[in-house]
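Chemist: The structure's right below; bear with me while I get my questions together.
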4 protein chains.
Amino acid sequence: MKALVKDRAARGFVLKDVPEPTIRDDEVLIRVRRAGVCGTDVHIYEWDAWAQGRVKPPITVGHEFAGEVVRVGRLVTDVHVDDRVTAEGHIVDGRCLLCRTGNSHVCPYTKIIGVDRDGCFAEYIAMPATNVWHLDDAISFDIGGIHDPMGNAFHTALTAEIPGATVLITGCGPIGIFAVGICKAAGASRIIASDINETRLALAKRMGAHDVVHPTEAEGVVKRHTGSLGVDVVVEMSGVPSAIHQAFALVRVGGRVQMLGIPPKPVEVDFPREIIFKGLTIYGVVGRRMYDTWLLMTRFLRSGQFDPSPVITHRFPLEAADDAMRVIKSGEAGKVIFEVA
Amino acid sequence: MKALVKDRAARGFVLKDVPEPTIRDDEVLIRVRRAGVCGTDVHIYEWDAWAQGRVKPPITVGHEFAGEVVRVGRLVTDVHVDDRVTAEGHIVDGRCLLCRTGNSHVCPYTKIIGVDRDGCFAEYIAMPATNVWHLDDAISFDIGGIHDPMGNAFHTALTAEIPGATVLITGCGPIGIFAVGICKAAGASRIIASDINETRLALAKRMGAHDVVHPTEAEGVVKRHTGSLGVDVVVEMSGVPSAIHQAFALVRVGGRVQMLGIPPKPVEVDFPREIIFKGLTIYGVVGRRMYDTWLLMTRFLRSGQFDPSPVITHRFPLEAADDAMRVIKSGEAGKVIFEVA
Amino acid sequence: MKALVKDRAARGFVLKDVPEPTIRDDEVLIRVRRAGVCGTDVHIYEWDAWAQGRVKPPITVGHEFAGEVVRVGRLVTDVHVDDRVTAEGHIVDGRCLLCRTGNSHVCPYTKIIGVDRDGCFAEYIAMPATNVWHLDDAISFDIGGIHDPMGNAFHTALTAEIPGATVLITGCGPIGIFAVGICKAAGASRIIASDINETRLALAKRMGAHDVVHPTEAEGVVKRHTGSLGVDVVVEMSGVPSAIHQAFALVRVGGRVQMLGIPPKPVEVDFPREIIFKGLTIYGVVGRRMYDTWLLMTRFLRSGQFDPSPVITHRFPLEAADDAMRVIKSGEAGKVIFEVA
Amino acid sequence: MKALVKDRAARGFVLKDVPEPTIRDDEVLIRVRRAGVCGTDVHIYEWDAWAQGRVKPPITVGHEFAGEVVRVGRLVTDVHVDDRVTAEGHIVDGRCLLCRTGNSHVCPYTKIIGVDRDGCFAEYIAMPATNVWHLDDAISFDIGGIHDPMGNAFHTALTAEIPGATVLITGCGPIGIFAVGICKAAGASRIIASDINETRLALAKRMGAHDVVHPTEAEGVVKRHTGSLGVDVVVEMSGVPSAIHQAFALVRVGGRVQMLGIPPKPVEVDFPREIIFKGLTIYGVVGRRMYDTWLLMTRFLRSGQFDPSPVITHRFPLEAADDAMRVIKSGEAGKVIFEVA
């Protein structure tokens, strides 16, 4: 089959013919229809320090996808051929104390598809049946193909108290924009989204932000709408050090900062002034809660209260992987997907 | 001044001239503009068993209102003449352990205006400054005058997890209809509202219910939209014994039942089948959380995400109190208010 | 092998030779060493209405046990021969939405060993590997054999806020007595235990109750230690209707009632007075949270902060099942266990 | 009266005669019996950068105390002459949205006694009646005099889930040692306390720590007792940068870090590795929750489950303030108190 492969320890991907995956008794084989492209894929493509430390070529890349089940292992009882599905890309052990107590999103034995084992930028992918999530008939493969990053946004937004809250979202990449729409659908009373990029701010506005601002304007707008107190919740999606400091500065005393954006290097934190004397709660977001987040996401999509389709701005065939990487790095894209089949 | 008074231990109210209230140093005097009429007022009007056991005539009735401040006690620093306000009608001691630990909504020393001391169906009312809640300029006196029952609805709805939830609301009196709109604004993914009255169901539909049903249809509709599992949350607003049993039957295992409706007599509960083996959580709702509920309510109103105005269906002068009582008892009304000034 | 069997639709058990269980690829075979006897076993023994409606003879009874693993299915990776283990007796589907979102304790597809499939009053039992829970070396088979009912007590007690709480425990059967010790270890500031049986009250005292009282004395003692307010938490372990009413009466406003005891028939509840106007939260307890409860239990046992051994008052061989039933029904026993091997 | 005063912008305190405080109508006058000495007092004594930026001499210092009420303002109804009391030293406005919604511990308008207005290292102090907390007859003035720092420890410890938890406490100054005893009383299953000072470690051991270690040994001990996973909760009491990094390193994935210790300068945080990819929750602790923390503290003291008296190691008269400062700075002291009267 055709697959996009990190075939050696160097920049770039190659599209090549590889053997179709075999499946274990507890796995299913899925024909990939759509696959989302993530910043993580760009890191692997660029072969940066993180990628060099984590990824072992050769490996098929990609971890966001949707498709149809074409084969089912002998022990699998609740997934069937032709089922329309997506999947949680974090494969956990399911037996450690964290998994057994509702915390598999931080299972220390996690393997990620497209990072630690073969991924989904390919015609087929093998997945453990436990990780499969069925798509409602009304959910397109396009939307199914971006459940993974939407899930990050749902996890980030809805582990804070959103109904009635004032929310600042710093960073309007795809996950930040999803978070705007989720907070809007979940009843935030004021959503202020900040970014340096006009295209992204326009998307945030379209997804329901009350105010879209450049970072330099954020303080003024936050104060105007919060009686100078600061917002209840900051959703930090940028990983930019100045945005992290702004998060601590613009959240109200006793408020909550949800951190998903990954700063590229250590950040100096003035703990007393920025966190302790403000009585803040900081939450580090990793992956998606299994499967609370997935159920919430399905509910929001099924009802139509959250429609992520405007966020998908670019589509490519696997053959155009270089173009996909280029458009993401340009900062002009919302979500970029591969149309695999 | 003019006031609607329960002047003796018998059915009815009389409109009479009474002295304008005096205020203590920590109180304010408010000129009443609008006042909401509540089922509690009907109980007092009818002089039923509950009223006979609680209310000591003569007393000015009414506990929901909004108006303007006209006088301010010597010790009051944060309420001023001409401020547009409403007020929490439960006057608590503020010093007991419950009040000091965030539970003043269940303060054992609560006095309710219009029930335990003079109320708001009058041209003026004296209120402790601690109970005053300022109205945004954008909030009308009409809406200000129904903050008390809306607060009950906010307290009932938002002490459950609403974003993404499936919700059954049994009973579409004014508080039930408010709850429909609040759940919708807070991101419930499916809201099923039941009542026996078409007018009320039409209001529930207008406020955002996905399905409006007669109680006999509720089971079928709930099962259709929840994979036969039942809803995550039931908001019980009717006090009807059969609705209470239906709440326990149609909530999913591990779900939550919020109880506000007051059944007129004891109800036989089959605890193992209805509650224990289902792993339910039942929450008894009294009043409004002080002042968490009020802040949430203000946020929802200020943003426009919740607009209760369609629920107000009838307006009367104080002189037409008998008509107001009659229309409420007819079951054809949404919220009924007095236009006092 | 030897097994205690409900062999027909009539009162009693018979000890007989039955084939050793076979195991599936994802199961393990366990040699039973100790097995706890539960009120549920008594219901099945007596063949009461509940048992007649639920149990299909012939079936090996018993659902509380500990032992050693003697055989392991081909797919099992984390349980090994000779492992010292106990097991969660509720076998859930693991795939429904409740199981996938941390609520498998209320999985609608639960099968219980000794009730819905062969149980543990036998020399060997087959269990899915997912249900196995390893015992620390320091935990005896005696204690391992009663993890199931202790788990109920942990679930009941620790889903309330116990540190610093005043707690009334109504009903001092084994689970009630366990709850006394758990609340003590978790920092309850006052534990009042009530029962009509002196032997049980003596055990409750030994496990750490500050006060042990007859139900008629409970009100006075609660009021004395709570400034007349009532306790923060009631743990209802009796299923006696008068105790349920007492729970609602003696919990403070805004408090929490944890209900585990199973009343034999419907109870008339005066919702406004007993629950709604008090602002109570009622929680129906079913089984044990999988596996949060099990982890907490292991932590409490490993540290020695909770020692349930005084609660085991009687030991019998499987041959003396009739004696075991008799002593439980007498009300004079704490926990009764079978010494199987 | 006699008072310890910061009389000018320079190092040191002077004991001098000052006028007895007058009280407002809503205040009470308290004769101070015991007063605790805090690190904050040392900062003011030393006149460091923080003190220079915050404190305006002349001012009577000290913020931890207990004593007897000797005069009561006209409007005060629930505090009486001769009452034995302590008090919350953070004087909040009581009317801002944070105060009205249960978050007065982060009220932006807080004034602290001994920092922003005259404090308690004096024969008498005036306090708003709202801030007064009654002492049980069984609680000595010694213990009453250290309610403020004990309250910090209660707030820090009990806003995490302690029953059954594994806890690392970094820093065994008085508040850290209190936290050891509180976690022990609240059912932590393993408490590991670290410090560089043997005297403090001995006190931590006496208060119930299972393990007392030097920071260099902490990693090994934590791994040994947590299956290499890390502790559920870290209580960071030192403010030492290396301890903060150790907190993030030794808490388990998905765990919680409670931060009270104040680092003297910014700390470089590697957010992805230390917080985000671990899925941590960080909570900044300021003051005591009003008055939830106080109620819990009283419960723990009244029951005897927590006895802080071993932590008090030194007692001085006000005349010996220089000695008190010296002994605190030596690191050899637990809690130091003034015996005022």
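Labels for the structure tokens follow display order: chains A, B, ..., residues from 1 in each chain, ligands from 1.
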Pick out the residues sitting within 7 Å of region 259-261 of chain B, and hand them over as an NGL selection string; count only C-alpha atoms, and ignore anything fewer than 3 positions along from it in its own chain.
Modeler: (:B and (235-239 or 283-285)) or (:C and (276))
Chemist: Taking all heavy atoms for each residue, export the selection above as a PDB file, in the first residue's frame.
Modeler:
```pdb
ATOM      1  N   VAL B 235     -34.115  17.387  35.628  1.00  0.00           N
ATOM      2  CA  VAL B 235     -34.428  18.580  36.395  1.00  0.00           C
ATOM      3  C   VAL B 235     -35.920  18.484  36.722  1.00  0.00           C
ATOM      4  O   VAL B 235     -36.762  18.664  35.843  1.00  0.00           O
ATOM      5  CB  VAL B 235     -34.077  19.838  35.569  1.00  0.00           C
ATOM      6  CG1 VAL B 235     -34.570  21.092  36.260  1.00  0.00           C
ATOM      7  CG2 VAL B 235     -32.576  19.907  35.304  1.00  0.00           C
ATOM      8  N   GLU B 236     -36.232  18.150  37.984  1.00  0.00           N
ATOM      9  CA  GLU B 236     -37.616  17.890  38.370  1.00  0.00           C
ATOM     10  C   GLU B 236     -38.238  19.175  38.907  1.00  0.00           C
ATOM     11  O   GLU B 236     -37.928  19.610  40.010  1.00  0.00           O
ATOM     12  CB  GLU B 236     -37.660  16.764  39.425  1.00  0.00           C
ATOM     13  CG  GLU B 236     -38.935  15.958  39.428  1.00  0.00           C
ATOM     14  CD  GLU B 236     -40.208  16.797  39.554  1.00  0.00           C
ATOM     15  OE1 GLU B 236     -40.454  17.343  40.655  1.00  0.00           O
ATOM     16  OE2 GLU B 236     -40.961  16.915  38.564  1.00  0.00           O
ATOM     17  N   MET B 237     -39.148  19.745  38.128  1.00  0.00           N
ATOM     18  CA  MET B 237     -39.717  21.052  38.426  1.00  0.00           C
ATOM     19  C   MET B 237     -41.206  20.986  38.725  1.00  0.00           C
ATOM     20  O   MET B 237     -41.823  22.031  38.910  1.00  0.00           O
ATOM     21  CB  MET B 237     -39.512  21.975  37.220  1.00  0.00           C
ATOM     22  CG  MET B 237     -38.061  22.311  36.934  1.00  0.00           C
ATOM     23  SD  MET B 237     -37.345  23.277  38.311  1.00  0.00           S
ATOM     24  CE  MET B 237     -35.855  23.929  37.519  1.00  0.00           C
ATOM     25  N   SER B 238     -41.788  19.796  38.730  1.00  0.00           N
ATOM     26  CA  SER B 238     -43.249  19.730  38.813  1.00  0.00           C
ATOM     27  C   SER B 238     -43.777  19.446  40.209  1.00  0.00           C
ATOM     28  O   SER B 238     -44.869  19.884  40.562  1.00  0.00           O
ATOM     29  CB  SER B 238     -43.759  18.636  37.864  1.00  0.00           C
ATOM     30  OG  SER B 238     -43.471  17.356  38.404  1.00  0.00           O
ATOM     31  N   GLY B 239     -43.042  18.642  40.984  1.00  0.00           N
ATOM     32  CA  GLY B 239     -43.579  18.207  42.264  1.00  0.00           C
ATOM     33  C   GLY B 239     -44.672  17.167  42.130  1.00  0.00           C
ATOM     34  O   GLY B 239     -45.282  16.774  43.124  1.00  0.00           O
ATOM     35  N   TYR B 283     -30.202  15.736  44.253  1.00  0.00           N
ATOM     36  CA  TYR B 283     -29.857  17.008  44.895  1.00  0.00           C
ATOM     37  C   TYR B 283     -31.126  17.818  45.153  1.00  0.00           C
ATOM     38  O   TYR B 283     -31.878  18.107  44.218  1.00  0.00           O
ATOM     39  CB  TYR B 283     -28.889  17.801  44.004  1.00  0.00           C
ATOM     40  CG  TYR B 283     -28.487  19.153  44.564  1.00  0.00           C
ATOM     41  CD1 TYR B 283     -27.861  19.246  45.805  1.00  0.00           C
ATOM     42  CD2 TYR B 283     -28.734  20.327  43.871  1.00  0.00           C
ATOM     43  CE1 TYR B 283     -27.491  20.486  46.329  1.00  0.00           C
ATOM     44  CE2 TYR B 283     -28.357  21.570  44.383  1.00  0.00           C
ATOM     45  CZ  TYR B 283     -27.737  21.642  45.614  1.00  0.00           C
ATOM     46  OH  TYR B 283     -27.379  22.869  46.135  1.00  0.00           O
ATOM     47  N   GLY B 284     -31.357  18.151  46.401  1.00  0.00           N
ATOM     48  CA  GLY B 284     -32.503  18.971  46.775  1.00  0.00           C
ATOM     49  C   GLY B 284     -32.132  20.444  46.672  1.00  0.00           C
ATOM     50  O   GLY B 284     -31.172  20.886  47.292  1.00  0.00           O
ATOM     51  N   VAL B 285     -32.910  21.186  45.879  1.00  0.00           N
ATOM     52  CA  VAL B 285     -32.557  22.579  45.592  1.00  0.00           C
ATOM     53  C   VAL B 285     -33.362  23.521  46.463  1.00  0.00           C
ATOM     54  O   VAL B 285     -34.603  23.481  46.451  1.00  0.00           O
ATOM     55  CB  VAL B 285     -32.830  22.923  44.117  1.00  0.00           C
ATOM     56  CG1 VAL B 285     -32.417  24.358  43.825  1.00  0.00           C
ATOM     57  CG2 VAL B 285     -32.093  21.954  43.201  1.00  0.00           C
TER      58      VAL B 285
ATOM     59  N   ILE C 276     -35.658  18.283  50.064  1.00  0.00           N
ATOM     60  CA  ILE C 276     -35.534  19.482  49.227  1.00  0.00           C
ATOM     61  C   ILE C 276     -35.228  20.729  50.051  1.00  0.00           C
ATOM     62  O   ILE C 276     -34.231  21.409  49.810  1.00  0.00           O
ATOM     63  CB  ILE C 276     -36.795  19.672  48.358  1.00  0.00           C
ATOM     64  CG1 ILE C 276     -36.976  18.455  47.439  1.00  0.00           C
ATOM     65  CG2 ILE C 276     -36.688  20.965  47.538  1.00  0.00           C
ATOM     66  CD1 ILE C 276     -38.257  18.450  46.624  1.00  0.00           C
TER      67      ILE C 276
END
```
Chemist: Within 7 Å of chain C, which residues of chain A show up? Give each one with its shortest atom-to-atom distance in Å (one decimal) and the two atoms involved, counting only C-alpha atoms, rows by chain then rising residue number, as JSON lines.
Modeler:
```
{"residue": "A:Arg100", "atom": "CA", "partner": "C:Tyr291", "partner_atom": "CA", "distance": 5.5}
{"residue": "A:Thr101", "atom": "CA", "partner": "C:Asp292", "partner_atom": "CA", "distance": 4.9}
{"residue": "A:Gly102", "atom": "CA", "partner": "C:Gly102", "partner_atom": "CA", "distance": 5.6}
{"residue": "A:Met290", "atom": "CA", "partner": "C:Thr101", "partner_atom": "CA", "distance": 6.8}
{"residue": "A:Tyr291", "atom": "CA", "partner": "C:Thr101", "partner_atom": "CA", "distance": 5.3}
{"residue": "A:Asp292", "atom": "CA", "partner": "C:Thr101", "partner_atom": "CA", "distance": 4.9}
```
Chemist: Within 7 Å of Gly67 (chain D), counting only C-alpha atoms, which residues qualify if same-chain residues fewer than 6 places away don't, as number ranges by chain?
Modeler: D: 30-34, 84-86, 141
Chemist: Which residues are close to region 302-312 of chain D, i.e. within 9 Å by only C-alpha atoms, leaving aside same-chain residues fewer than 3 positions away? Reply as a short mmCIF file (atom, residue, chain, number, x, y, z; two decimals) with all heavy atoms, in the first residue's frame.
Modeler:
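As a result, result-v2.cif now contains:
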```cif
data_model
loop_
_atom_site.label_atom_id
_atom_site.label_comp_id
_atom_site.auth_asym_id
_atom_site.auth_seq_id
_atom_site.Cartn_x
_atom_site.Cartn_y
_atom_site.Cartn_z
N GLY C 164 -12.28 15.73 58.79
CA GLY C 164 -12.89 16.77 59.61
C GLY C 164 -14.39 16.68 59.74
O GLY C 164 -15.00 17.48 60.46
N GLY C 187 -9.94 10.56 58.86
CA GLY C 187 -9.93 11.84 59.55
C GLY C 187 -11.28 12.43 59.89
O GLY C 187 -11.38 13.65 60.11
N ALA C 188 -12.34 11.61 59.97
CA ALA C 188 -13.60 12.15 60.48
C ALA C 188 -13.37 12.65 61.90
O ALA C 188 -12.64 12.04 62.67
CB ALA C 188 -14.68 11.06 60.48
N SER C 189 -13.99 13.78 62.25
CA SER C 189 -13.71 14.32 63.57
C SER C 189 -14.66 13.77 64.63
O SER C 189 -14.35 13.82 65.82
CB SER C 189 -13.76 15.85 63.53
OG SER C 189 -15.08 16.30 63.40
N ARG C 190 -15.79 13.25 64.21
CA ARG C 190 -16.71 12.61 65.17
C ARG C 190 -17.49 11.55 64.42
O ARG C 190 -18.12 11.84 63.40
CB ARG C 190 -17.69 13.62 65.76
CG ARG C 190 -18.49 13.08 66.94
CD ARG C 190 -17.87 13.49 68.25
NE ARG C 190 -18.11 12.61 69.36
CZ ARG C 190 -17.45 12.68 70.52
NH1 ARG C 190 -16.52 13.61 70.70
NH2 ARG C 190 -17.70 11.83 71.49
N ASP D 136 -12.64 27.00 71.15
CA ASP D 136 -13.24 26.06 72.09
C ASP D 136 -12.54 26.18 73.45
O ASP D 136 -11.36 26.52 73.52
CB ASP D 136 -13.00 24.63 71.59
CG ASP D 136 -14.12 24.16 70.68
OD1 ASP D 136 -14.72 25.02 70.01
OD2 ASP D 136 -14.38 22.95 70.65
N ALA D 138 -11.42 23.95 75.16
CA ALA D 138 -10.32 23.00 75.24
C ALA D 138 -9.08 23.45 74.47
O ALA D 138 -8.02 22.83 74.57
CB ALA D 138 -10.76 21.63 74.72
N ILE D 139 -9.18 24.52 73.70
CA ILE D 139 -8.04 24.99 72.90
C ILE D 139 -7.30 26.08 73.67
O ILE D 139 -7.88 27.09 74.03
CB ILE D 139 -8.52 25.55 71.54
CG1 ILE D 139 -9.41 24.54 70.81
CG2 ILE D 139 -7.32 25.96 70.69
CD1 ILE D 139 -8.77 23.22 70.50
N ASP D 142 -2.04 29.21 73.56
CA ASP D 142 -0.85 28.86 72.76
C ASP D 142 -1.27 28.41 71.36
O ASP D 142 -0.73 28.88 70.35
CB ASP D 142 -0.09 27.69 73.40
CG ASP D 142 0.78 28.11 74.57
OD1 ASP D 142 0.71 29.28 75.00
OD2 ASP D 142 1.52 27.24 75.07
N ILE D 143 -2.18 27.47 71.33
CA ILE D 143 -2.63 26.92 70.04
C ILE D 143 -3.45 27.96 69.29
O ILE D 143 -3.33 28.11 68.07
CB ILE D 143 -3.45 25.62 70.26
CG1 ILE D 143 -2.62 24.57 71.04
CG2 ILE D 143 -3.94 25.05 68.94
CD1 ILE D 143 -1.29 24.24 70.43
N MET D 150 -1.30 27.56 60.99
CA MET D 150 -1.93 26.24 60.88
C MET D 150 -2.98 26.29 59.79
O MET D 150 -3.16 25.33 59.03
CB MET D 150 -2.60 25.84 62.20
CG MET D 150 -1.63 25.39 63.28
SD MET D 150 -2.49 24.51 64.62
CE MET D 150 -3.72 25.72 65.11
N PRO D 174 7.63 25.46 60.23
CA PRO D 174 6.41 25.19 61.02
C PRO D 174 5.22 24.80 60.15
O PRO D 174 4.51 23.85 60.48
CB PRO D 174 6.18 26.52 61.75
CG PRO D 174 7.55 27.11 61.90
CD PRO D 174 8.30 26.71 60.65
N ILE D 177 5.59 21.29 58.87
CA ILE D 177 5.40 20.29 59.94
C ILE D 177 3.92 20.17 60.29
O ILE D 177 3.41 19.07 60.52
CB ILE D 177 6.23 20.65 61.19
CG1 ILE D 177 7.70 20.84 60.82
CG2 ILE D 177 6.11 19.54 62.24
CD1 ILE D 177 8.54 21.41 61.97
N PHE D 178 3.23 21.31 60.36
CA PHE D 178 1.77 21.22 60.57
C PHE D 178 1.14 20.35 59.48
O PHE D 178 0.30 19.50 59.75
CB PHE D 178 1.12 22.61 60.50
CG PHE D 178 1.46 23.54 61.63
CD1 PHE D 178 1.68 24.90 61.40
CD2 PHE D 178 1.55 23.09 62.94
CE1 PHE D 178 1.98 25.77 62.43
CE2 PHE D 178 1.86 23.96 63.99
CZ PHE D 178 2.08 25.31 63.73
N GLY D 181 1.28 16.68 60.10
CA GLY D 181 0.29 16.19 61.06
C GLY D 181 -1.12 16.19 60.50
O GLY D 181 -1.93 15.30 60.81
N ILE D 182 -1.43 17.18 59.68
CA ILE D 182 -2.77 17.26 59.09
C ILE D 182 -2.96 16.11 58.09
O ILE D 182 -4.00 15.45 58.09
CB ILE D 182 -2.96 18.63 58.39
CG1 ILE D 182 -2.93 19.75 59.44
CG2 ILE D 182 -4.25 18.66 57.58
CD1 ILE D 182 -2.62 21.12 58.87
N LYS D 184 -1.45 13.31 58.08
CA LYS D 184 -1.54 12.07 58.85
C LYS D 184 -2.96 11.89 59.39
O LYS D 184 -3.57 10.82 59.24
CB LYS D 184 -0.52 12.11 59.99
CG LYS D 184 -0.41 10.81 60.79
CD LYS D 184 0.11 9.67 59.90
CE LYS D 184 0.43 8.42 60.70
NZ LYS D 184 1.80 8.40 61.23
N ALA D 185 -3.49 12.95 59.99
CA ALA D 185 -4.83 12.85 60.58
C ALA D 185 -5.91 12.65 59.53
O ALA D 185 -6.96 12.08 59.80
CB ALA D 185 -5.12 14.11 61.40
N ALA D 186 -5.65 13.13 58.31
CA ALA D 186 -6.66 13.02 57.24
C ALA D 186 -6.48 11.76 56.41
O ALA D 186 -7.14 11.59 55.39
CB ALA D 186 -6.58 14.26 56.34
N LEU D 203 11.05 16.86 64.18
CA LEU D 203 9.68 17.33 64.46
C LEU D 203 8.69 16.72 63.47
O LEU D 203 7.58 16.33 63.85
CB LEU D 203 9.62 18.85 64.38
CG LEU D 203 9.99 19.61 65.66
CD1 LEU D 203 10.07 21.11 65.35
CD2 LEU D 203 8.97 19.35 66.77
N ALA D 204 9.08 16.66 62.21
CA ALA D 204 8.19 16.07 61.19
C ALA D 204 7.91 14.61 61.52
O ALA D 204 6.78 14.12 61.40
CB ALA D 204 8.82 16.19 59.80
N ARG D 206 7.98 13.30 64.49
CA ARG D 206 7.11 13.27 65.67
C ARG D 206 5.65 13.57 65.29
O ARG D 206 4.73 13.07 65.91
CB ARG D 206 7.63 14.31 66.67
CG ARG D 206 6.85 14.29 67.95
CD ARG D 206 7.59 14.89 69.11
NE ARG D 206 6.68 15.00 70.25
CZ ARG D 206 6.81 15.86 71.23
NH1 ARG D 206 7.86 16.67 71.24
NH2 ARG D 206 5.93 15.90 72.21
N MET D 207 5.46 14.41 64.27
CA MET D 207 4.09 14.76 63.86
C MET D 207 3.47 13.69 62.94
O MET D 207 2.34 13.84 62.51
CB MET D 207 4.07 16.11 63.16
CG MET D 207 4.38 17.28 64.08
SD MET D 207 3.17 17.47 65.45
CE MET D 207 1.78 18.16 64.53
N MET D 297 -10.13 23.28 60.69
CA MET D 297 -9.07 23.35 61.71
C MET D 297 -9.64 23.13 63.10
O MET D 297 -9.10 22.36 63.90
CB MET D 297 -8.41 24.73 61.59
CG MET D 297 -7.30 25.00 62.57
SD MET D 297 -6.18 26.34 61.98
CE MET D 297 -7.32 27.62 61.46
N THR D 298 -10.75 23.79 63.38
CA THR D 298 -11.39 23.63 64.69
C THR D 298 -11.83 22.18 64.89
O THR D 298 -11.68 21.62 65.99
CB THR D 298 -12.59 24.59 64.79
OG1 THR D 298 -12.08 25.92 64.78
CG2 THR D 298 -13.39 24.36 66.07
N ARG D 299 -12.37 21.57 63.84
CA ARG D 299 -12.79 20.17 63.95
C ARG D 299 -11.60 19.26 64.29
O ARG D 299 -11.69 18.39 65.15
CB ARG D 299 -13.40 19.72 62.62
CG ARG D 299 -14.71 20.43 62.25
CD ARG D 299 -15.88 19.79 62.97
NE ARG D 299 -17.15 20.32 62.52
CZ ARG D 299 -17.79 19.91 61.42
NH1 ARG D 299 -17.28 18.96 60.66
NH2 ARG D 299 -18.97 20.42 61.11
N ARG D 315 9.47 30.19 73.26
CA ARG D 315 8.55 31.20 73.79
C ARG D 315 9.37 32.38 74.29
O ARG D 315 10.36 32.19 74.99
CB ARG D 315 7.80 30.63 75.00
CG ARG D 315 6.91 29.50 74.69
CD ARG D 315 6.78 28.56 75.90
NE ARG D 315 5.94 27.45 75.52
CZ ARG D 315 4.62 27.54 75.43
NH1 ARG D 315 4.00 28.64 75.79
NH2 ARG D 315 3.93 26.50 75.00
N ALA D 333 14.45 26.34 65.05
CA ALA D 333 13.17 26.44 65.75
C ALA D 333 12.05 25.76 64.97
O ALA D 333 12.11 25.64 63.75
CB ALA D 333 12.82 27.91 65.96
N GLY D 334 11.06 25.29 65.72
CA GLY D 334 9.77 24.98 65.13
C GLY D 334 9.02 26.29 65.12
O GLY D 334 9.46 27.26 64.53
N LYS D 335 7.89 26.35 65.83
CA LYS D 335 7.13 27.58 65.90
C LYS D 335 7.56 28.37 67.12
O LYS D 335 7.71 27.81 68.21
CB LYS D 335 5.63 27.25 65.97
CG LYS D 335 4.74 28.45 65.83
CD LYS D 335 4.71 28.99 64.42
CE LYS D 335 4.21 30.42 64.36
NZ LYS D 335 4.34 30.97 63.00
N VAL D 336 7.73 29.68 66.92
CA VAL D 336 8.14 30.58 67.99
C VAL D 336 6.96 31.47 68.34
O VAL D 336 6.32 32.01 67.44
CB VAL D 336 9.34 31.45 67.53
CG1 VAL D 336 9.68 32.49 68.57
CG2 VAL D 336 10.52 30.56 67.19
N ILE D 337 6.67 31.60 69.62
CA ILE D 337 5.54 32.47 70.01
C ILE D 337 5.96 33.49 71.07
O ILE D 337 6.92 33.27 71.81
CB ILE D 337 4.32 31.66 70.54
CG1 ILE D 337 4.66 30.87 71.81
CG2 ILE D 337 3.79 30.72 69.45
CD1 ILE D 337 3.44 30.21 72.46
#
```
Chemist: What does the structure give for the distance between CA of His134 (chain B) and CA of Glu319 (chain B), in Å to one decimal?
Modeler: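 Separation between CA of His134 (chain B) and CA of Glu319 (chain B): 27.9 Å.
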Chemist: Mind checking DSSP for region 150-247 of chain C and telling me the alpha helix (DSSP H) residues as a VMD selection string?
Modeler: chain C and resid 150 to 158 174 to 185 198 to 206 215 to 225 241 to 247
Chemist: Could you pull the residues within 10 Å of Pro128 (chain B), counting only C-alpha atoms, minus those fewer than 5 positions along the same chain, as an MDAnalysis selection string?
Modeler: chainID B and resid 23:29 72:73 76 87:89 91:92
Chemist: Do you know which residues are at most 10 Å from Thr40 (chain D) counting only C-alpha atoms, after dropping those on the same chain fewer than 4 positions away, and could you put them as an MDAnalysis selection string?
Modeler: chainID D and resid 44:46 50:51 61:63 114:115
Chemist: Please indicate the distance in Å from CA of Gly279 (chain C) to CA of Val106 (chain B), rounded to one decimal place.
Modeler: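 Computing it gives 6.7 Å between the two atoms.
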Chemist: Give me the residues near Phe13 (chain A) as a PyMOL selection string, where near means some atom within 7 Å (using only C-alpha atoms) and where sequence neighbours in that chain fewer than 5 positions away do not count.
Modeler: chain A and resi 4-6+45
Chemist: I need the residue nearest Ala321 (chain D) from this list: D:His90, D:Leu15, D:Gln258, D:Ser140. Use only C-alpha atoms for the distance.
Modeler: D:Leu15
